[in-house]
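Q: Quick one: the structure is below, and I'll ask about it shortly.
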Amino acid sequence: MTPRVGAGPRLDAEAVTSPERTGAVVECAAVSRTFLRGGVAVVAVRAASCTVQPGMRIALTGSSGSGKSTLLHLLAGLETPTAGTVGWPGLGGSPAGRAGTVGVVFQGPSLVPALDVVENIALPLLLAGLGEDEAVERAGAALGRLGIGELGRKLPDEISGGQAQRVAVARVLASRPRLILADEPTGQLDHDTGARVVSVLLDTAQELGAALVVSTHDPQVAQRLPHRWRMDDGRLTTRDTNAAEDRA
Amino acid sequence: MNRIWLRGLVRRRAGRLGAAAAGVSVAVALLACLGAFLAASQASMTARAVRDVSVDWQVQVEPGSDPAAVLDTVRTAPGTVAAVPVGFGQAAGLTATTGATTRTTGAADVLGLPDTYRATFPGELRTLAGAGNGVLLAQQTAANLGVAPGDLVTVHLLGGTATSVRVDGVVDLPAANSLFQTVGAPPGSQPTAPPDNVLLLPAGQWQGLFAPPTSAAGAPTPVHNQIHVARSHDLPPGPAAAYTQEIGAAHNLEAQSAGSAVVGDNLGAALGAARSDAAYAQVLFVFLGLPGAVLAGLLTGAVTAAGATRRRGEQALARTRGVTSAQLVRLAAVETALVGLSGAVVGLGAAMLVGQLAFGSVSFGATTATALAWTAGATLVGLVIAVASVLVPAYRDLRYATVASARRGVGRVDSRGPGPWWARYGCDVVLLVGGGLLVWAASGNGYQLVLAPEGVPMISVSYWAFAGPALLWVGAGLLTWRLADLALGRGRRLVGRALRPAAGGLAQTAAAMMARRRRPLARSIVLLALALAFAASTATFNATYQAQAEADAQLTNGADVTVTESPGVRVGPAAASALAAVPGVREVEPLQHRFAYIGADLQDLYGVRPATITDVTALQDTYFQGGSARTLMAILAAAPDSILVSAETVKDYQLHPGDLVNLRLQDSATTQLTTVPFHYAGIVNEFPTAPKDSFFVADAAYLTARTGSDAVGAFLVDTGGRNVTAVAAQIQDRLGPSATVTDIAHTRSRVGSSLTAVDLAGLTRVELGFALMLAAAAGGLVLALGLTERRRTFAITTALGATHRQLRALVGAETAVLTVGGLVAGAAVGWLLSHVLVAVLTGVFDPPPAALTIPWTYLAGAALITVTGLASAAAAALRQGRRPPISVLREL
């Protein structure tokens with residue numbers, strides 16, 4: 001499918017959505033986001049339209065500064081669009097201030113320095129209203145899933161960047177979101193570790209039935225996701241679907 | 001590169017730089033203000049000491065010397081403004097007959113004064129009745145003889161000759177102690193009290209009696225001559241320098257006179273006493289000022305420490321870009337200079353402003369040299385603080401920091417690693433115990449903080465006394481740190497449970513965050529506690545000092561307004577009703593004043609109504625020994641023949657409670673002395689209107705019954721502390737010249753020491769202002785900076801789904817812990833330091849306080865300002881938390 005132009009490209013993936021899944025997780029309609037930097041308006045995302053259905057696994061590619069992170073933040077409800085609309089019909093409204101609906105793996109360090117690994121993973125669960133015991137139990141289980149249970153009582157400053165990224169993934173896993181957004185999750189990792197992190201993300205999304213959007217520079221990472229969207233200069237330009245992979 | 005770095009700092013780190021410079025400026029301003037205080041106080045103490053001296057020098061003409069020659073020598077001495085001869089003669093006694101009664105006194109001093117004496121030395125004589133010139137009788141003598149102006153008094157010379165003179169006036173001799181000093185005798189050999197009987201004659205009349213100095217029997221009559229001198233008061237501003245100059249001039253005169261003159265240096269003695277006040281001013285500077293400056297330094301350190309993580313990151317980044325360590329040190333030095341110099345300039349400007357407003361002086365020293373020294377000293381301290389808080393940490397990081405050590409900002413709760421070295425060795429406890437022992441030793445019996453021996457230019461200050469409070473201050477700060485660290489670390493679960501009502505399900509998370517950040521949090525709690533303790537102890541010391549100064553004024557004046565009846569005027573207690581009718585008067589209490597002999601000693605005796613005396617005047621427990629004021633007054637009421645005696649009399653006469661004390665008092669009917677039995681019930685050290693030396697206090701009704709006279713010496717008038725001057729004026733109008741009316745407002749300004757009257761109010765105003773500022777800054781600023789540094793944490797938490805309410809719970813928990821910890825520790829340390837300050841500075845108080853006076857309003861204000869500062873900081877952080885988290889993360 002070729003992206004529509006005019007009001008902005010619209011990418012949707014209804015065609016690959018399984019029949020039992022109803023309602024898009026997130027929908028963007030002609031969304032733009034402009035930042036003012038030094039008095040100059042910088043357009044990060046230009047009139048992007050897209051729909052993410054439950055269970056979709058999308059690689060968002062593009063060069064540095066093309067607007068991938070901003071689009072992810074818009075999809076997560078962490079940014080407010082300067083034009084257009086973002087809706088989360090499948091989540092019952094904006095996820096902002098509602099822990100557990102959307103899980104975000106940030107590009108940079110995103111662990112709270114004053115909390116140990118278990119506490120970091122439990123934090124969004126506590127914010128979502130879970131009891132402390134249950135939150136800790138789920139955090140431990142998530143760590144176990146990722147094979148990093150031994151890191152539980154370590155502080156973020158005591159673990160490596162790759163371990164921190166896996167902990168961030170564990171945090172998403174523990175909160176069982178319906179939409180997982182990962183911003184360059186392998187950017188700071190070596191190839192093997194990065195591959196493991198992507199596998200965990202894919203498995204987690206699979207297990208939770210969550211939609212997954214991963215922004216990445218790495219073609220090998222992108223190849224592992226059935227849907228590939230590309231951004232150029234803030235525009236969502238192309239969509240490429242590997243239906244076989246998706247079905248797989 | 002320095003310029004680029006500097007520009008970047010000013011543009012990007014203006015807030016943090018400004019906060020650090022503000023910390024430096026507070027320290028500089030505080031020190032410079034104290035310099036202004038010392039400058040103003042020293043000059044005013046000298047002026048005040050000079051003003052209070054009636055006769056600057058009493059030059060004794062030695063026997064066999066020519067008085068005229070000595071007078072010439074004195075008049076030509078540098079600095080002499082006026083010099084007049086005064087004759088001192090001794091009479092065997094005085095006799096007066098009023099009506100059918102003839103009274104005779106013991107030995108009397110008869111002085112011959114030239115006509116110009118009163119104009120030259122106006123403070124020496126105070127007319128109580130009759131004329132101000134001519135034949136004058138001292139008030140006590142007039143009372144002993146029962147004479148008034150116009151009556152005849154016969155002077156019995158030692159040889160048996162008697163001459164009658166007509167009394168022109170009755171005078172008070174306010175400076176009797178110095179007037180009748182034994183010139184040249186050491187302090188311990190001076191008379192304990194001025195003579196009981198004094199007659200002042202015009203010089204010509206005195207010459208007729210005493211010159212030539214022979215008695216009819218040919219034996220020499222005890223006569224000596226003095227030259228009373230008014231000196232130039234162009235003296236150095238500091239009491240110590242003025243004292244040195246003055247005693248030097250006196251010694252010079254003695255050297256010139258070749259043994260024919262000895263100088264009784266009243267001016268030097270007054271300046272000597274002012275030296276003590278000046279030394280106390282310096283002591284107060286150390287006790288009240290230095291902690292403030294140290295706190296300001298600690299605050300600056302805390303401000304820069306709050307940005308330490310960021311600084312380390314920037315340093316690491318710069319090093320990866322090829323910047324050398326030396327270059328980084330230079331850049332840190334540039335930042336240090338910027339912080340230190342800008343802080344110093346602002347601080348000095350603020351100090352000039354405060355000095356002008358509080359002390360009326362923009363100078364930081366009494367002389368140009370001292371002003372420059374204070375300016376340089378305060379600036380140097382500011383630079384030292386800047387170096388210690390900016391350059392040293394940066395250098396330390398460069399030299400020692402590794403990736404691991406850079407992560408120390410977040411410590412583990414269950415770390416078994418060694419804590420700070422001082423905690424391992426228990427230095428906090430050692431300091432507290434050591435400080436307590438030193439304070440105990442320093443405030444023991446016979447302790448004198450300031451010693452200014454008469455006649456010796458040197459003054460000694462017991463600097464050991466500083467060690468105790470200093471050790472306690474440091475020890476209390478360290479102990480607070482230890483306890484805060486312990487509570488936040490090992491007591492994390494308890495803290496979490498305590499926070500649950502406010503933080504709900506996030507309570508343990510908040511407690512965990514604080515546990516990992518317990519070091520900076522503990523530092524903030526210590527800083528806040530010390531700032532509050534500084535405010536509390538300074539305010540309490542000030543309030544106690546003011547209360548005791550007020551007590552001193554009330555002791556001297558007796559009550560808000562006191563009506564002292566003139567000698568010879570007999571007024572009964574019924575006259576109180578007329579005084580009570582004056583608008584503004586609440587209560588009137590008659591106070592009898594007699595003279596009584598115990599053995600050969602004549603002492604003042606006060607007859608009180610024990611049940612009602614406290615209605616008009618405050619009796620503090622410290623005025624008495626052997627019981628509280630209330631119990632001793634109750635004893636007087638229950639057993640009217642009880643008597644309170646001075647400690648010196650108890651010692652001299654070996655009295656024990658219940659002992660019979662026979663006093664001789666004048667009987668009203670016979671005017672002869674009659675024996676009145678009393679029983680010793682307790683010791684009185686101070687009493688309203690009573691002199692500093694020995695006196696008695698007894699029941700007025702018993703005195704009336706045993707002497708047949710209910711004559712009142714003074715009426716103590718209570719106005720509730722309001723309109724005392726106006727009420728006193730109204731009473732004086734009604735009574736006319738028959739009585740002397742004094743009010744506490746005038747007495748307050750007259751009796752207060754230099755420290756009370758001139759300076760301490762200004763000093764404490766400045767101190768209290770700074771203390772409030774430090775408390776607010778220690779709480780609000782440090783919390784704000786800490787929260788600002790944790791914007792990333794809050795942004796991540798928000799990105800993870802935290803609502804604003806949840807964010808408020810996290811921020812609020814930390815604010816609550818800091819507030820409660822700081823207030824509780826501040827109150828405890830403040831309580832301790834207040835007691836220590838008052839104990840160590842006992843010498844400043846007159847009379848010594850029985851208990852602390854707590855300035856609750858100020859303390860509540862300080863607590864309110866602190867809480868407001870903390871709440872504002874938390875609110876500002878929460879406002880930041882409303883921004884989109886990604887925007888915040890992007891900026892960091």
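Convention: chains lettered A, B, ... in structure tokens order; per-chain residue numbering from 1; ligands numbered from 1 as shown.
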For the strand (DSSP E) assignment from backbone DSSP, which residues of range 46-193 of chain A qualify? Please present them as a list of chain:residue names.
A: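 For range 46-193 of chain A, the strand (DSSP E) set is A:Arg46, A:Ala47, A:Ala48, A:Ser49, A:Cys50, A:Thr51, A:Val52, A:Arg57, A:Ile58, A:Ala59, A:Leu60, A:Thr61, A:Gly62, A:Ala83, A:Gly84, A:Thr85, A:Val86, A:Gly87, A:Val102, A:Gly103, A:Val104, A:Val105, A:Leu179, A:Ile180, A:Leu181, A:Ala182, A:Asp183.
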Q: Give me, as a tab-separated table, the closest atom pair and its distance (Å, one decimal) for every residue of chain B within a cut-off of 7 Å of chain A, counting only C-alpha atoms, rows sorted by chain and rising number.
A:
```
residue	atom	partner	partner_atom	distance
B:Arg407	CA	A:Asp157	CA	6.4
B:Val410	CA	A:Ala114	CA	6.1
B:Gly505	CA	A:Leu126	CA	6.7
B:Leu506	CA	A:Leu126	CA	6.8
B:Ala512	CA	A:Leu115	CA	6.6
B:Met513	CA	A:Ala114	CA	4.9
B:Arg516	CA	A:Ala114	CA	5.4
B:Arg517	CA	A:Ala114	CA	6.7
B:Thr793	CA	A:Val112	CA	5.4
B:Ile796	CA	A:Ser110	CA	6.3
B:Ala799	CA	A:Leu78	CA	6.7
B:Leu800	CA	A:Pro124	CA	5.6
B:Gly801	CA	A:Ala99	CA	4.1
B:Ala802	CA	A:Gly97	CA	5.3
B:Thr803	CA	A:Gly97	CA	4.8
B:Pro884	CA	A:Leu78	CA	6.5
B:Pro885	CA	A:Leu78	CA	6.8
B:Ile886	CA	A:Leu78	CA	6.4
```
Q: Restricted to C-alpha atoms, what would the selected residues look like written as a PDB file, in the first residue's frame?
A:
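Output file part.pdb follows:
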```pdb
ATOM      1  CA  ARG B 407      27.688   7.309  41.916  1.00  0.00           C
ATOM      2  CA  VAL B 410      22.741   7.370  45.872  1.00  0.00           C
ATOM      3  CA  GLY B 505       0.512   3.126  48.324  1.00  0.00           C
ATOM      4  CA  LEU B 506       3.618   5.085  47.378  1.00  0.00           C
ATOM      5  CA  ALA B 512      13.008   3.905  49.598  1.00  0.00           C
ATOM      6  CA  MET B 513      13.867   6.957  47.518  1.00  0.00           C
ATOM      7  CA  ARG B 516      18.957   6.028  48.952  1.00  0.00           C
ATOM      8  CA  ARG B 517      19.230   9.817  49.123  1.00  0.00           C
ATOM      9  CA  THR B 793      13.199  11.279  38.393  1.00  0.00           C
ATOM     10  CA  ILE B 796      10.318   9.500  34.457  1.00  0.00           C
ATOM     11  CA  ALA B 799       6.070   9.237  32.022  1.00  0.00           C
ATOM     12  CA  LEU B 800       5.412   5.942  33.753  1.00  0.00           C
ATOM     13  CA  GLY B 801       1.905   7.108  34.509  1.00  0.00           C
ATOM     14  CA  ALA B 802       2.089   9.025  37.779  1.00  0.00           C
ATOM     15  CA  THR B 803      -0.791  11.379  38.321  1.00  0.00           C
ATOM     16  CA  PRO B 884       5.168  17.332  29.756  1.00  0.00           C
ATOM     17  CA  PRO B 885       7.732  14.819  31.048  1.00  0.00           C
ATOM     18  CA  ILE B 886       9.326  14.354  27.657  1.00  0.00           C
TER      19      ILE B 886
END
```
Q: Counting only C-alpha atoms, figure out which residue out of B:Leu494, B:Val147, B:Leu201, B:Leu735 gets nearest to Val582 in chain B.
A: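 Once distances to Val582 in chain B are computed over only C-alpha atoms, the minimum belongs to B:Leu735.
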Q: Within 10 Å of range 41-50 of chain A, which residues of range 78-159 of chain A come that close, and what is the closest atom pair and distance in Å for each? Count only C-alpha atoms and give it as a Markdown table.
A:
```
| residue | atom | partner | partner_atom | distance |
| --- | --- | --- | --- | --- |
| A:Pro81 | CA | A:Val45 | CA | 8.9 |
| A:Thr82 | CA | A:Val45 | CA | 9.5 |
| A:Ala83 | CA | A:Ala47 | CA | 7.6 |
| A:Gly84 | CA | A:Ala47 | CA | 7.0 |
| A:Thr85 | CA | A:Ser49 | CA | 8.9 |
| A:Val86 | CA | A:Ser49 | CA | 8.9 |
```
Q: CA of Ala745 in chain B and CA of Ala611 in chain B are how many Å apart?
A: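 If I compute the distance from CA of Ala745 in chain B to CA of Ala611 in chain B, I get 26.6 Å.
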Q: So, with only C-alpha atoms as the atoms that count, which of B:Val334, B:Val824, B:Ala176, B:Val198 lies closest to Leu136 in chain B?
A: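 Among the listed residues, the smallest separation from Leu136 in chain B belongs to B:Val198.
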Q: Select, from B:Val817, B:Leu665, B:Leu781, B:Val303, the residue with the minimum atom-to-atom distance to Ala515 in chain B, counting only C-alpha atoms.
A: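 Answer, going by the shortest atom-to-atom distance: B:Val817.
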Q: Fewer than 2 positions away in the same chain doesn't count, so skip those; otherwise give me all residues within 7 Å of range 636-652 of chain B, counting only C-alpha atoms, as a list in words.
A: Pro610, Ala611, Leu632, Met633, Ala634, Gln654, Leu655, Phe678, His679, Tyr680, Ala681, Gly682, Ile683, Val684, Asn685, Ser694, Phe695, Phe696, Val697, Ala698, Asp699 and Tyr702 of chain B
Q: Write the selection just made, keeping N, CA and C atoms, as a PDB file, in the first residue's frame?
A:
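File written: again14.pdb
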```
ATOM      1  N   PRO B 610       4.121  42.141 102.569  1.00  0.00           N
ATOM      2  CA  PRO B 610       4.501  40.922 101.817  1.00  0.00           C
ATOM      3  C   PRO B 610       3.387  40.393 100.926  1.00  0.00           C
ATOM      4  N   ALA B 611       2.155  40.622 101.335  1.00  0.00           N
ATOM      5  CA  ALA B 611       1.057  40.040 100.566  1.00  0.00           C
ATOM      6  C   ALA B 611       0.794  40.786  99.269  1.00  0.00           C
ATOM      7  N   LEU B 632       9.439  33.271 100.585  1.00  0.00           N
ATOM      8  CA  LEU B 632      10.012  34.194 101.573  1.00  0.00           C
ATOM      9  C   LEU B 632       9.036  35.312 101.925  1.00  0.00           C
ATOM     10  N   MET B 633       8.270  35.785 100.920  1.00  0.00           N
ATOM     11  CA  MET B 633       7.251  36.792 101.235  1.00  0.00           C
ATOM     12  C   MET B 633       6.179  36.168 102.138  1.00  0.00           C
ATOM     13  N   ALA B 634       5.887  34.888 101.902  1.00  0.00           N
ATOM     14  CA  ALA B 634       4.894  34.198 102.735  1.00  0.00           C
ATOM     15  C   ALA B 634       5.406  34.080 104.166  1.00  0.00           C
ATOM     16  N   GLN B 654      27.691  35.602 110.831  1.00  0.00           N
ATOM     17  CA  GLN B 654      27.517  34.152 111.067  1.00  0.00           C
ATOM     18  C   GLN B 654      26.080  33.807 111.441  1.00  0.00           C
ATOM     19  N   LEU B 655      25.144  34.262 110.629  1.00  0.00           N
ATOM     20  CA  LEU B 655      23.733  34.044 110.943  1.00  0.00           C
ATOM     21  C   LEU B 655      23.261  32.691 110.413  1.00  0.00           C
ATOM     22  N   PHE B 678      14.468  40.845 115.478  1.00  0.00           N
ATOM     23  CA  PHE B 678      14.009  40.145 114.263  1.00  0.00           C
ATOM     24  C   PHE B 678      14.553  38.724 114.296  1.00  0.00           C
ATOM     25  N   HIS B 679      14.005  37.907 113.443  1.00  0.00           N
ATOM     26  CA  HIS B 679      14.566  36.562 113.276  1.00  0.00           C
ATOM     27  C   HIS B 679      14.949  36.366 111.814  1.00  0.00           C
ATOM     28  N   TYR B 680      16.171  35.946 111.642  1.00  0.00           N
ATOM     29  CA  TYR B 680      16.713  35.784 110.285  1.00  0.00           C
ATOM     30  C   TYR B 680      15.960  34.660 109.558  1.00  0.00           C
ATOM     31  N   ALA B 681      15.396  35.017 108.380  1.00  0.00           N
ATOM     32  CA  ALA B 681      14.565  34.039 107.653  1.00  0.00           C
ATOM     33  C   ALA B 681      15.121  33.674 106.282  1.00  0.00           C
ATOM     34  N   GLY B 682      15.958  34.505 105.741  1.00  0.00           N
ATOM     35  CA  GLY B 682      16.474  34.185 104.407  1.00  0.00           C
ATOM     36  C   GLY B 682      17.380  35.297 103.907  1.00  0.00           C
ATOM     37  N   ILE B 683      17.938  35.025 102.720  1.00  0.00           N
ATOM     38  CA  ILE B 683      18.901  35.983 102.147  1.00  0.00           C
ATOM     39  C   ILE B 683      18.236  36.748 101.019  1.00  0.00           C
ATOM     40  N   VAL B 684      18.458  38.045 101.003  1.00  0.00           N
ATOM     41  CA  VAL B 684      17.992  38.868  99.891  1.00  0.00           C
ATOM     42  C   VAL B 684      19.217  39.495  99.229  1.00  0.00           C
ATOM     43  N   ASN B 685      19.351  39.238  97.931  1.00  0.00           N
ATOM     44  CA  ASN B 685      20.484  39.804  97.189  1.00  0.00           C
ATOM     45  C   ASN B 685      20.106  41.093  96.477  1.00  0.00           C
ATOM     46  N   SER B 694      24.706  45.935 101.204  1.00  0.00           N
ATOM     47  CA  SER B 694      23.865  45.239 102.188  1.00  0.00           C
ATOM     48  C   SER B 694      22.619  46.039 102.567  1.00  0.00           C
ATOM     49  N   PHE B 695      21.545  45.317 102.801  1.00  0.00           N
ATOM     50  CA  PHE B 695      20.292  45.935 103.256  1.00  0.00           C
ATOM     51  C   PHE B 695      19.416  44.845 103.862  1.00  0.00           C
ATOM     52  N   PHE B 696      18.311  45.289 104.492  1.00  0.00           N
ATOM     53  CA  PHE B 696      17.365  44.347 105.104  1.00  0.00           C
ATOM     54  C   PHE B 696      15.995  44.523 104.463  1.00  0.00           C
ATOM     55  N   VAL B 697      15.208  43.472 104.525  1.00  0.00           N
ATOM     56  CA  VAL B 697      13.795  43.555 104.118  1.00  0.00           C
ATOM     57  C   VAL B 697      12.976  42.929 105.250  1.00  0.00           C
ATOM     58  N   ALA B 698      11.982  43.687 105.710  1.00  0.00           N
ATOM     59  CA  ALA B 698      11.150  43.188 106.822  1.00  0.00           C
ATOM     60  C   ALA B 698       9.697  43.566 106.574  1.00  0.00           C
ATOM     61  N   ASP B 699       8.851  43.127 107.486  1.00  0.00           N
ATOM     62  CA  ASP B 699       7.426  43.390 107.355  1.00  0.00           C
ATOM     63  C   ASP B 699       7.126  44.831 107.797  1.00  0.00           C
ATOM     64  N   TYR B 702       5.126  45.320 111.122  1.00  0.00           N
ATOM     65  CA  TYR B 702       5.938  45.071 112.319  1.00  0.00           C
ATOM     66  C   TYR B 702       6.820  46.284 112.622  1.00  0.00           C
TER      67      TYR B 702
END
```
